[in-house]
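Undergrad: Sending over my_file.cif (mmCIF, C-alpha atoms and all ligand atoms).
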```cif
data_data
#
loop_
_atom_site.label_atom_id
_atom_site.label_comp_id
_atom_site.auth_asym_id
_atom_site.auth_seq_id
_atom_site.Cartn_x
_atom_site.Cartn_y
_atom_site.Cartn_z
CA MET A 31 228.32 247.22 -77.34
CA PRO A 32 231.70 245.48 -76.92
CA GLN A 33 234.14 246.10 -79.77
CA LYS A 34 235.42 243.33 -82.01
CA ASN A 35 239.10 242.38 -82.40
CA LYS A 36 239.80 242.82 -78.75
CA THR A 37 241.58 240.00 -76.98
CA LEU A 38 239.81 238.07 -74.24
CA GLY A 39 242.47 239.26 -71.78
CA GLU A 40 241.76 242.93 -72.61
CA PHE A 41 238.00 242.32 -72.47
CA ILE A 42 238.20 240.73 -69.02
CA ILE A 43 240.19 243.66 -67.61
CA GLU A 44 237.93 246.29 -69.18
CA ASN A 45 234.75 244.67 -67.90
CA GLN A 46 235.92 243.85 -64.41
CA GLU A 47 233.82 246.57 -62.77
CA GLU A 48 230.65 244.94 -64.17
CA PHE A 49 231.09 242.01 -61.78
CA ARG A 50 228.91 242.19 -58.75
CA TYR A 51 231.83 241.71 -56.36
CA SER A 52 234.60 243.43 -58.22
CA SER A 53 237.72 242.35 -56.37
CA GLY A 54 239.41 240.96 -59.47
CA GLU A 55 239.05 237.34 -58.38
CA LEU A 56 236.31 236.46 -60.86
CA SER A 57 238.45 237.99 -63.62
CA ARG A 58 241.33 235.76 -62.55
CA LEU A 59 239.00 232.77 -62.50
CA ILE A 60 237.83 233.44 -66.09
CA ASN A 61 241.50 233.86 -67.00
CA SER A 62 242.33 230.43 -65.62
CA ILE A 63 239.44 228.91 -67.61
CA ARG A 64 240.89 230.62 -70.69
CA LEU A 65 244.25 228.99 -70.00
CA ALA A 66 242.80 225.50 -69.40
CA ALA A 67 240.74 225.86 -72.60
CA LYS A 68 243.93 226.40 -74.59
CA VAL A 69 245.61 223.39 -72.98
CA VAL A 70 242.63 221.11 -73.69
CA ASN A 71 242.24 222.54 -77.19
CA HIS A 72 245.84 221.61 -77.96
CA GLU A 73 245.23 218.02 -76.87
CA VAL A 74 241.84 217.67 -78.61
CA ASN A 75 243.35 218.98 -81.86
CA LYS A 76 246.06 216.34 -82.01
CA ALA A 77 243.80 213.57 -80.74
CA GLY A 78 244.09 211.48 -83.90
CA LEU A 79 247.88 211.55 -83.79
CA VAL A 80 248.65 210.30 -80.33
CA ASP A 81 247.48 207.41 -78.22
CA ILE A 82 244.77 209.36 -76.47
CA LEU A 83 241.63 208.28 -78.31
CA GLY A 84 239.35 205.60 -76.97
CA THR A 85 238.16 204.63 -73.52
CA ALA A 86 240.40 204.65 -70.49
CA GLY A 87 238.87 201.35 -69.36
CA ASP A 88 237.03 202.93 -66.44
CA THR A 89 233.51 204.24 -65.86
CA ASN A 90 232.44 207.37 -63.98
CA ILE A 91 229.91 207.44 -61.14
CA GLN A 92 227.10 207.55 -63.71
CA GLY A 93 228.22 204.28 -65.32
CA GLU A 94 229.54 205.94 -68.49
CA ASP A 95 232.82 204.91 -70.13
CA GLN A 96 235.49 207.49 -69.41
CA GLN A 97 237.43 208.48 -72.50
CA LYS A 98 241.12 209.24 -72.09
CA LEU A 99 240.49 212.80 -73.22
CA ASP A 100 237.71 213.16 -70.61
CA ILE A 101 240.25 212.44 -67.93
CA TYR A 102 242.88 214.67 -69.53
CA ALA A 103 240.43 217.61 -69.72
CA ASN A 104 239.21 216.99 -66.18
CA ASN A 105 242.76 217.08 -64.84
CA ALA A 106 243.68 220.15 -66.90
CA PHE A 107 240.75 222.19 -65.58
CA ILE A 108 241.17 221.07 -61.97
CA ARG A 109 244.92 221.74 -62.06
CA THR A 110 244.43 225.22 -63.54
CA LEU A 111 241.62 226.23 -61.21
CA THR A 112 243.48 225.05 -58.12
CA ASN A 113 246.48 226.96 -56.70
CA ARG A 114 245.11 230.36 -57.63
CA GLU A 115 243.51 231.26 -54.32
CA ILE A 116 240.13 231.89 -55.93
CA VAL A 117 238.26 228.57 -55.99
CA CYS A 118 237.28 226.75 -52.78
CA GLY A 119 235.63 223.77 -54.47
CA ILE A 120 235.13 222.05 -57.81
CA ALA A 121 232.43 219.58 -58.86
CA SER A 122 232.91 217.73 -62.12
CA GLU A 123 231.00 215.22 -64.22
CA GLU A 124 234.09 213.02 -63.97
CA GLU A 125 234.41 213.12 -60.15
CA ASP A 126 232.13 211.15 -57.81
CA ASP A 127 232.16 213.89 -55.16
CA PHE A 128 233.14 217.54 -55.07
CA ILE A 129 236.79 218.49 -54.45
CA THR A 130 237.71 220.84 -51.60
CA ILE A 131 240.46 223.37 -52.33
CA LYS A 132 242.36 225.25 -49.66
CA GLY A 133 243.62 228.80 -50.17
CA ARG A 134 246.62 230.71 -48.86
CA ASN A 135 248.21 229.26 -45.67
CA GLU A 136 245.96 226.21 -45.95
CA GLN A 137 242.92 228.35 -45.07
CA HIS A 138 239.42 227.74 -46.48
CA ASP A 139 238.96 231.34 -47.49
CA ASN A 140 238.61 231.21 -51.30
CA LYS A 141 235.27 232.54 -52.53
CA TYR A 142 234.08 230.65 -55.60
CA VAL A 143 232.86 227.17 -56.46
CA VAL A 144 233.10 225.89 -60.05
CA LEU A 145 231.00 223.12 -61.57
CA ILE A 146 232.24 221.68 -64.80
CA ASP A 147 231.66 219.17 -67.55
CA PRO A 148 235.27 219.04 -68.77
CA LEU A 149 234.57 217.36 -72.11
CA ASP A 150 230.94 217.11 -73.08
CA GLY A 151 229.95 214.89 -76.01
CA SER A 152 233.17 212.95 -75.58
CA SER A 153 231.70 209.78 -77.10
CA ASN A 154 232.04 211.76 -80.38
CA ILE A 155 235.79 212.31 -80.06
CA ASP A 156 236.83 209.16 -81.90
CA VAL A 157 234.95 210.31 -85.01
CA ASN A 158 236.35 213.87 -85.02
CA VAL A 159 233.08 215.60 -84.11
CA SER A 160 233.16 218.87 -82.13
CA VAL A 161 233.13 218.51 -78.36
CA GLY A 162 232.97 221.13 -75.63
CA THR A 163 233.58 222.18 -72.04
CA ILE A 164 230.74 223.62 -69.95
CA PHE A 165 231.36 225.62 -66.75
CA SER A 166 229.33 227.26 -64.04
CA VAL A 167 230.54 229.60 -61.27
CA TYR A 168 228.89 230.50 -57.94
CA ARG A 169 229.97 232.40 -54.88
CA ARG A 170 230.06 230.06 -51.89
CA ILE A 171 227.21 230.50 -49.40
CA THR A 172 228.85 228.90 -46.36
CA PRO A 173 231.10 231.17 -44.27
CA SER A 174 234.64 231.84 -45.47
CA GLY A 175 237.18 230.02 -43.34
CA THR A 176 235.16 226.79 -43.17
CA PRO A 177 235.51 223.90 -45.65
CA VAL A 178 233.16 224.10 -48.62
CA THR A 179 230.02 221.91 -48.32
CA LEU A 180 227.52 220.28 -50.69
CA GLU A 181 225.20 223.23 -49.99
CA ASP A 182 227.61 225.54 -51.84
CA PHE A 183 227.16 223.44 -54.99
CA LEU A 184 223.39 222.88 -54.76
CA GLN A 185 222.43 226.48 -55.49
CA PRO A 186 219.76 227.25 -58.11
CA GLY A 187 221.08 228.36 -61.49
CA ASN A 188 219.79 231.91 -61.00
CA LYS A 189 222.57 232.39 -58.42
CA GLN A 190 225.33 231.78 -60.98
CA VAL A 191 227.80 234.66 -61.24
CA ALA A 192 229.31 233.40 -64.49
CA ALA A 193 228.80 230.52 -66.90
CA GLY A 194 229.84 229.52 -70.35
CA TYR A 195 231.21 226.95 -72.71
CA ILE A 196 234.18 226.23 -74.91
CA ILE A 197 233.59 224.58 -78.27
CA TYR A 198 236.49 222.68 -79.80
CA GLY A 199 235.21 222.84 -83.36
CA THR A 200 236.36 223.90 -86.80
CA SER A 201 237.55 226.86 -84.80
CA THR A 202 237.75 226.91 -81.02
CA MET A 203 235.52 229.39 -79.22
CA LEU A 204 234.96 230.48 -75.65
CA VAL A 205 231.46 231.85 -75.06
CA TYR A 206 230.53 233.17 -71.63
CA SER A 207 228.43 235.53 -69.59
CA THR A 208 228.87 237.20 -66.22
CA GLY A 209 225.24 238.35 -66.25
CA HIS A 210 225.77 241.27 -68.64
CA GLY A 211 225.00 239.64 -71.98
CA VAL A 212 226.94 236.98 -73.84
CA ASN A 213 230.20 237.37 -75.73
CA GLY A 214 232.03 234.86 -77.91
CA PHE A 215 235.79 234.72 -78.44
CA THR A 216 237.55 232.75 -81.19
CA LEU A 217 241.01 231.28 -80.69
CA ASN A 218 243.69 232.23 -83.17
CA PRO A 219 245.68 228.98 -82.89
CA ALA A 220 248.80 230.44 -84.51
CA ILE A 221 249.38 232.81 -81.60
CA GLY A 222 247.26 231.15 -78.91
CA THR A 223 245.05 234.19 -78.30
CA PHE A 224 241.25 234.41 -78.05
CA TYR A 225 239.73 237.40 -79.88
CA LEU A 226 236.26 238.86 -79.42
CA SER A 227 234.56 237.61 -82.58
CA HIS A 228 230.88 237.44 -81.52
CA PRO A 229 230.08 240.48 -79.35
CA ASN A 230 226.72 240.66 -77.59
CA MET A 231 225.33 237.36 -78.90
CA LYS A 232 221.54 237.15 -79.21
CA PHE A 233 219.38 234.04 -79.50
CA PRO A 234 216.95 234.67 -82.40
CA LYS A 235 213.43 234.82 -80.94
CA ASP A 236 212.19 232.40 -83.62
CA GLY A 237 213.93 229.66 -85.52
CA THR A 238 213.41 226.78 -87.91
CA ILE A 239 215.78 224.13 -86.49
CA TYR A 240 214.78 221.43 -84.01
CA SER A 241 217.44 219.25 -82.39
CA VAL A 242 216.41 216.04 -80.66
CA ASN A 243 217.48 212.39 -80.74
CA GLU A 244 214.44 211.12 -82.62
CA GLY A 245 215.63 207.52 -82.28
CA ASN A 246 214.11 207.69 -78.80
CA TYR A 247 210.77 208.98 -80.13
CA VAL A 248 208.61 206.08 -78.92
CA HIS A 249 209.85 206.69 -75.38
CA PHE A 250 209.18 210.46 -75.35
CA PRO A 251 206.40 212.05 -73.27
CA GLN A 252 203.23 212.70 -75.32
CA GLY A 253 203.74 216.50 -75.24
CA ILE A 254 207.15 216.17 -76.94
CA LYS A 255 205.78 213.70 -79.50
CA ASP A 256 203.03 216.22 -80.31
CA TYR A 257 205.55 219.08 -80.58
CA ILE A 258 207.77 217.06 -82.95
CA LYS A 259 204.75 216.36 -85.16
CA TYR A 260 204.03 220.12 -85.10
CA CYS A 261 207.65 220.80 -86.23
CA GLN A 262 207.13 218.40 -89.15
CA GLU A 263 203.77 219.78 -90.31
CA GLU A 264 203.52 221.69 -93.59
CA GLU A 265 202.40 225.18 -92.61
CA GLY A 266 203.98 228.66 -92.67
CA ASP A 267 207.74 228.25 -92.06
CA ARG A 268 207.23 224.58 -91.21
CA PRO A 269 208.32 221.83 -91.61
CA TYR A 270 211.40 222.81 -89.62
CA THR A 271 214.87 221.44 -90.30
CA SER A 272 216.11 218.63 -88.08
CA ARG A 273 219.75 218.98 -86.92
CA TYR A 274 221.23 216.81 -84.17
CA ILE A 275 224.95 216.38 -83.63
CA GLY A 276 224.67 214.62 -80.27
CA SER A 277 227.12 217.09 -78.76
CA LEU A 278 225.20 219.55 -76.58
CA VAL A 279 227.66 222.42 -76.91
CA SER A 280 227.72 222.19 -80.71
CA ASP A 281 223.96 221.78 -81.04
CA LEU A 282 223.29 224.75 -78.78
CA HIS A 283 225.96 226.94 -80.32
CA ARG A 284 224.49 226.39 -83.79
CA ASN A 285 220.95 227.04 -82.56
CA MET A 286 222.04 230.24 -80.78
CA ILE A 287 223.51 231.57 -84.01
CA LYS A 288 220.79 230.37 -86.40
CA GLY A 289 217.69 230.10 -84.20
CA GLY A 290 216.36 226.77 -83.02
CA ILE A 291 215.26 224.52 -80.19
CA TYR A 292 217.18 221.71 -78.45
CA ILE A 293 215.26 219.01 -76.60
CA TYR A 294 216.48 216.16 -74.40
CA PRO A 295 213.31 214.90 -72.71
CA ASN A 296 212.84 212.16 -70.17
CA THR A 297 212.67 208.74 -71.83
CA ALA A 298 212.08 205.17 -70.72
CA LYS A 299 215.87 204.69 -70.47
CA ASN A 300 216.44 208.03 -68.74
CA PRO A 301 213.22 208.66 -66.77
CA LYS A 302 214.61 211.90 -65.28
CA GLY A 303 216.22 213.03 -68.54
CA LYS A 304 219.86 212.47 -69.47
CA LEU A 305 221.56 215.81 -69.07
CA ARG A 306 222.90 216.96 -65.73
CA LEU A 307 221.30 219.99 -64.11
CA LEU A 308 224.34 221.44 -62.37
CA TYR A 309 227.11 221.41 -64.95
CA GLU A 310 225.26 221.00 -68.26
CA CYS A 311 221.78 222.55 -68.10
CA ASN A 312 222.28 225.40 -65.60
CA PRO A 313 225.32 226.99 -67.27
CA MET A 314 223.75 226.60 -70.71
CA ALA A 315 220.45 228.03 -69.40
CA PHE A 316 222.32 231.04 -67.95
CA VAL A 317 224.00 231.76 -71.29
CA ILE A 318 220.76 231.15 -73.23
CA GLU A 319 218.71 233.51 -71.02
CA GLN A 320 221.43 236.15 -71.12
CA ALA A 321 221.17 235.95 -74.92
CA GLY A 322 217.37 236.33 -74.82
CA GLY A 323 216.41 232.65 -75.20
CA MET A 324 214.62 230.31 -72.79
CA ALA A 325 215.43 227.06 -70.93
CA SER A 326 212.85 224.88 -69.21
CA ASP A 327 212.20 221.31 -68.11
CA GLY A 328 208.79 221.66 -69.81
CA PHE A 329 207.13 223.21 -66.77
CA THR A 330 209.68 225.15 -64.67
CA LYS A 331 212.49 227.49 -65.66
CA ILE A 332 215.75 225.54 -65.37
CA LEU A 333 217.40 228.42 -63.48
CA ASP A 334 214.67 228.35 -60.78
CA ILE A 335 215.02 224.65 -59.94
CA LYS A 336 216.51 223.99 -56.51
CA PRO A 337 219.02 221.14 -57.00
CA THR A 338 219.02 218.21 -54.62
CA GLU A 339 221.98 216.15 -55.89
CA LEU A 340 225.37 216.86 -57.46
CA HIS A 341 224.80 214.64 -60.49
CA GLN A 342 221.06 215.29 -60.79
CA ARG A 343 219.49 214.81 -64.24
CA ILE A 344 216.70 216.89 -65.71
CA PRO A 345 214.66 217.06 -68.95
CA PHE A 346 216.01 219.98 -71.02
CA ILE A 347 214.11 222.11 -73.55
CA CYS A 348 215.94 225.24 -74.59
CA GLY A 349 216.61 227.71 -77.34
CA SER A 350 214.69 230.39 -79.22
CA LEU A 351 212.09 231.97 -76.95
CA ASN A 352 208.99 231.45 -79.10
CA MET A 353 209.93 227.87 -79.97
CA VAL A 354 210.39 226.91 -76.31
CA LEU A 355 207.11 228.63 -75.38
CA LYS A 356 205.37 226.55 -78.06
CA ALA A 357 206.97 223.28 -76.88
CA LYS A 358 205.94 224.10 -73.29
CA GLN A 359 202.37 224.64 -74.48
CA PHE A 360 202.36 221.11 -75.97
CA MET A 361 203.87 219.68 -72.76
CA GLN A 362 201.32 221.39 -70.57
CA ASN A 363 198.28 220.58 -72.74
CA VAL A 364 198.59 216.81 -72.39
P1 LIG B 401 228.14 213.21 -71.98
O1 LIG B 401 228.21 214.26 -70.90
O2 LIG B 401 228.31 211.82 -71.44
O3 LIG B 401 229.03 213.51 -73.15
O4 LIG B 401 226.60 213.21 -72.50
C1 LIG B 401 226.00 214.41 -72.86
C2 LIG B 401 225.71 214.38 -74.33
C3 LIG B 401 225.33 215.71 -74.88
O5 LIG B 401 226.43 216.43 -75.37
C4 LIG B 401 224.43 215.33 -76.02
O6 LIG B 401 223.53 216.36 -76.35
C5 LIG B 401 223.74 214.12 -75.50
O7 LIG B 401 224.59 213.55 -74.53
C6 LIG B 401 223.51 213.10 -76.58
O8 LIG B 401 222.87 212.01 -76.05
P2 LIG B 401 222.23 210.88 -77.01
O9 LIG B 401 223.39 210.18 -77.65
O10 LIG B 401 221.45 210.01 -76.07
O11 LIG B 401 221.35 211.58 -78.00
MG MG B 402 228.38 215.93 -70.44
#
```
Could you write out this file's structure as structure tokens?
TA:
Amino acid sequence: MPQKNKTLGEFIIENQEEFRYSSGELSRLINSIRLAAKVVNHEVNKAGLVDILGTAGDTNIQGEDQQKLDIYANNAFIRTLTNREIVCGIASEEEDDFITIKGRNEQHDNKYVVLIDPLDGSSNIDVNVSVGTIFSVYRRITPSGTPVTLEDFLQPGNKQVAAGYIIYGTSTMLVYSTGHGVNGFTLNPAIGTFYLSHPNMKFPKDGTIYSVNEGNYVHFPQGIKDYIKYCQEEEGDRPYTSRYIGSLVSDLHRNMIKGGIYIYPNTAKNPKGKLRLLYECNPMAFVIEQAGGMASDGFTKILDIKPTELHQRIPFICGSLNMVLKAKQFMQNV
């Protein structure tokens, strides 16, 4: 059981031997995410004071308005992850295609690819609601020495070597897993250091919170409509409480601490779902499963899905194990 009050830097060094390929590179990669998180946190915190709120007047490949802070966070993470001779490629929600990164002496011999949503929930920034960063790390599968390819990014989530999120909230936290449980670190802003505040996080097996954008109800699949009605019925610990921030990282973080289910199904507007498999659902599913929860598209485990596209969307049902099992039952009984 990891001890509290340890800094993230100390924790990374002490747990380095747990990594499957313990050459120190993954530790350095997590360290660079830690650094970028602090840079982005600083900017998000002063967002109301400087001319950085609002849209940048551009849209990303998915037709969404890019916020200035989206672009700032994207650049901060890419800049920090490059030039460290660890990462050979980055895919981001804000970039149309993946970015190739060369290592020492211009060689393509770095080992890891990173997929990232630099600022998730960014449409909430202007109203001072918590936003987050989501990241996913894989070892490349193409041979070292050759440029990274799309294949390196389209690996199923069960091949992730690390994943996590940063929540820029009332306090800023970095929560991640390298496949040995989940640990949460809280930033002390006065000294710029993350401390282990939530060791060995566990998703409660049951919960009483359901999080879904019910405004889309009429467009939901019948199984989800039936499950929502079940959540609202008067029986036992039901009706459940409805809580939806509209910021995936915040909604999931709350549910992981209190117990609950998060659902973003396919709808008429988003027939394949809204959330992106590679840099939203997979990393969250990795963390959730490592904490003892479950993540599914209603039929298949998220982590077992073989991706076909970089910006692929997928229905997402995740959270407390027994709640997700129940929702799946409703989906499959239609
Ligand atoms: P984004 O990546 O463009 O910020 O969109 C993802 C966000 C999630 O954080 C959130 O759970 C969801 O979109 C909310 O969508 P909606 O407003 O349709 O409920
Ligand atoms: Mg997003």
Undergrad: Write out, as a tab-separated table, each residue of chain A that has an atom at most 9 Å from ligand LIG 401 (chain B), together with the closest pair of atoms and their distance in Å to one decimal, counting only C-alpha atoms and all ligand atoms, rows going by chain and rising number.
TA:
```
residue	atom	partner	partner_atom	distance
A:Gln92	CA	B:LIG401	O2	8.9
A:Glu94	CA	B:LIG401	O2	6.7
A:Asp95	CA	B:LIG401	O2	8.4
A:Gln96	CA	B:LIG401	O2	8.6
A:Glu123	CA	B:LIG401	O1	7.3
A:Asp147	CA	B:LIG401	O1	6.9
A:Pro148	CA	B:LIG401	O1	8.8
A:Leu149	CA	B:LIG401	O3	6.8
A:Asp150	CA	B:LIG401	O3	4.1
A:Gly151	CA	B:LIG401	O3	3.3
A:Ser152	CA	B:LIG401	O3	4.8
A:Ser153	CA	B:LIG401	O3	6.1
A:Asn154	CA	B:LIG401	O3	8.0
A:Val161	CA	B:LIG401	O5	7.6
A:Gly162	CA	B:LIG401	O5	8.1
A:Val242	CA	B:LIG401	O11	7.2
A:Asn243	CA	B:LIG401	O11	4.8
A:Glu244	CA	B:LIG401	O11	8.3
A:Gly245	CA	B:LIG401	O11	8.2
A:Asn246	CA	B:LIG401	O10	8.2
A:Tyr274	CA	B:LIG401	O11	8.1
A:Ile275	CA	B:LIG401	O6	7.4
A:Gly276	CA	B:LIG401	C6	4.2
A:Ser277	CA	B:LIG401	O5	3.5
A:Leu278	CA	B:LIG401	O5	3.6
A:Val279	CA	B:LIG401	O5	6.3
A:Ser280	CA	B:LIG401	O5	8.0
A:Asp281	CA	B:LIG401	O6	7.2
A:Leu282	CA	B:LIG401	O6	8.7
A:Tyr292	CA	B:LIG401	O6	8.6
A:Ile293	CA	B:LIG401	O6	8.7
A:Tyr294	CA	B:LIG401	O6	7.3
A:Lys304	CA	B:LIG401	O7	7.0
A:Leu305	CA	B:LIG401	C1	6.0
A:Arg306	CA	B:LIG401	O1	7.9
A:Glu310	CA	B:LIG401	O1	7.8
```
Undergrad: Name the residues in contact with region 254-265 of chain A at a cut-off of 12 Å, using all atoms listed in the file, excluding same-chain residues fewer than 3 positions from it; report them as a ChimeraX atom specification.
TA: /A:237-251,268-272,290-297,327-328,345-347,353-364
Undergrad: Dump C-alpha atoms for the selected residues as a compact mmCIF listing (two decimals), keeping the file's coordinate frame?
TA:
```txt
# COMPACT_ATOMS: atom_id res chain seq x y z
CA GLY A 237 213.93 229.66 -85.52
CA THR A 238 213.41 226.78 -87.91
CA ILE A 239 215.78 224.13 -86.49
CA TYR A 240 214.78 221.43 -84.01
CA SER A 241 217.44 219.25 -82.39
CA VAL A 242 216.41 216.04 -80.66
CA ASN A 243 217.48 212.39 -80.74
CA GLU A 244 214.44 211.12 -82.62
CA GLY A 245 215.63 207.52 -82.28
CA ASN A 246 214.11 207.69 -78.80
CA TYR A 247 210.77 208.98 -80.13
CA VAL A 248 208.61 206.08 -78.92
CA HIS A 249 209.85 206.69 -75.38
CA PHE A 250 209.18 210.46 -75.35
CA PRO A 251 206.40 212.05 -73.27
CA ARG A 268 207.23 224.58 -91.21
CA PRO A 269 208.32 221.83 -91.61
CA TYR A 270 211.40 222.81 -89.62
CA THR A 271 214.87 221.44 -90.30
CA SER A 272 216.11 218.63 -88.08
CA GLY A 290 216.36 226.77 -83.02
CA ILE A 291 215.26 224.52 -80.19
CA TYR A 292 217.18 221.71 -78.45
CA ILE A 293 215.26 219.01 -76.60
CA TYR A 294 216.48 216.16 -74.40
CA PRO A 295 213.31 214.90 -72.71
CA ASN A 296 212.84 212.16 -70.17
CA THR A 297 212.67 208.74 -71.83
CA ASP A 327 212.20 221.31 -68.11
CA GLY A 328 208.79 221.66 -69.81
CA PRO A 345 214.66 217.06 -68.95
CA PHE A 346 216.01 219.98 -71.02
CA ILE A 347 214.11 222.11 -73.55
CA MET A 353 209.93 227.87 -79.97
CA VAL A 354 210.39 226.91 -76.31
CA LEU A 355 207.11 228.63 -75.38
CA LYS A 356 205.37 226.55 -78.06
CA ALA A 357 206.97 223.28 -76.88
CA LYS A 358 205.94 224.10 -73.29
CA GLN A 359 202.37 224.64 -74.48
CA PHE A 360 202.36 221.11 -75.97
CA MET A 361 203.87 219.68 -72.76
CA GLN A 362 201.32 221.39 -70.57
CA ASN A 363 198.28 220.58 -72.74
CA VAL A 364 198.59 216.81 -72.39
```
Undergrad: Up to 8 Å from (239.4, 228.8, -74.3) in the file's coordinates: name the residues, counting only C-alpha atoms, as a list in words.
TA: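 Every polymer residue passing the test: Ile63, Arg64, Leu65, Ala66, Ala67, Lys68, Asn71, Ile196, Thr202, Met203, Leu204, Leu217 and Phe224 of chain A.
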Undergrad: Calculated over all atoms listed in the file, which of the candidates A:Ser350, A:Val143, A:Ile335, A:Thr163 has the smallest distance to Phe107 (chain A)?
TA: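 Nearest candidate to Phe107 (chain A) out of A:Ser350, A:Val143, A:Ile335, A:Thr163: A:Thr163.
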Undergrad: Pick out the closest residue to Ile116 (chain A) from this set: A:Asp100, A:Asp139, A:Glu181, A:Glu73. Count all atoms listed in the file.
TA: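 Of A:Asp100, A:Asp139, A:Glu181, A:Glu73, the one nearest Ile116 (chain A), counting all atoms listed in the file, is A:Asp139.
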Undergrad: Just the residues within 12 Å of Pro177 (chain A), please, counting only C-alpha atoms, with nothing from its chain fewer than 2 positions along; format it as a list in words.
TA: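 Once the adjacent positions are removed, what remains is Val117, Cys118, Gly119, Phe128, Ile129, Thr130, Ile131, Lys132, Gly133, Glu136, Gln137, His138, Asp139, Asn140, Lys141, Val143, Arg170, Ile171, Thr172, Pro173, Ser174, Gly175, Thr179, Leu180, Glu181 and Asp182 of chain A.
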Undergrad: Rounded to one decimal in Å, what is the spacing between CA of Asn352 (chain A) and CA of Gly323 (chain A)?
TA: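 We find that CA of Asn352 (chain A) and CA of Gly323 (chain A) lie 8.5 Å from each other.
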Undergrad: Would you mind reading off the distance between CA of Ser201 (chain A) and CA of Ile146 (chain A), one decimal, in Å?
TA: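 Atom-to-atom, CA of Ser201 (chain A) and CA of Ile146 (chain A) are spaced 21.3 Å apart.
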Undergrad: Please, what distance in Å, to one decimal, runs between CA of Tyr309 (chain A) and CA of His341 (chain A)?
TA: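 These two atoms are separated by 8.4 Å.
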Undergrad: Point out the residue among A:Leu145, A:Val74, A:Leu226, A:Val205 with the least atom-to-atom distance to ligand MG 402 (chain B), counting all atoms listed in the file.
TA: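 Closest candidate: A:Leu145.
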Undergrad: Which residue is closest to ligand MG 402 (chain B)? Choose from A:His210, A:Thr216, A:Tyr195, A:Pro337 and count only C-alpha atoms and all ligand atoms.
TA: A:Tyr195
Undergrad: Excluding Asn312 (chain A) and any residue of its chain fewer than 2 positions from it, enumerate the residues within 8 Å of it, using only C-alpha atoms, and give them as a list of chain:residue names.
TA: A:Ser166, A:Gly187, A:Leu307, A:Leu308, A:Tyr309, A:Glu310, A:Met314, A:Ala315, A:Phe316, A:Ile332, A:Leu333
Undergrad: Between A:Asp156, A:Val70, A:Arg343, A:Glu47, which has the minimum distance to ligand MG 402 (chain B) (counting only C-alpha atoms and all ligand atoms)?
TA: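 Of all the options, A:Arg343 lies closest to ligand MG 402 (chain B).
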Undergrad: Using all atoms listed in the file, find the one residue out of A:Gly322, A:Pro301, A:Pro313, A:Gly214 that sits nearest to ligand MG 402 (chain B).
TA: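 Closest to ligand MG 402 (chain B), using all atoms listed in the file: A:Pro313.
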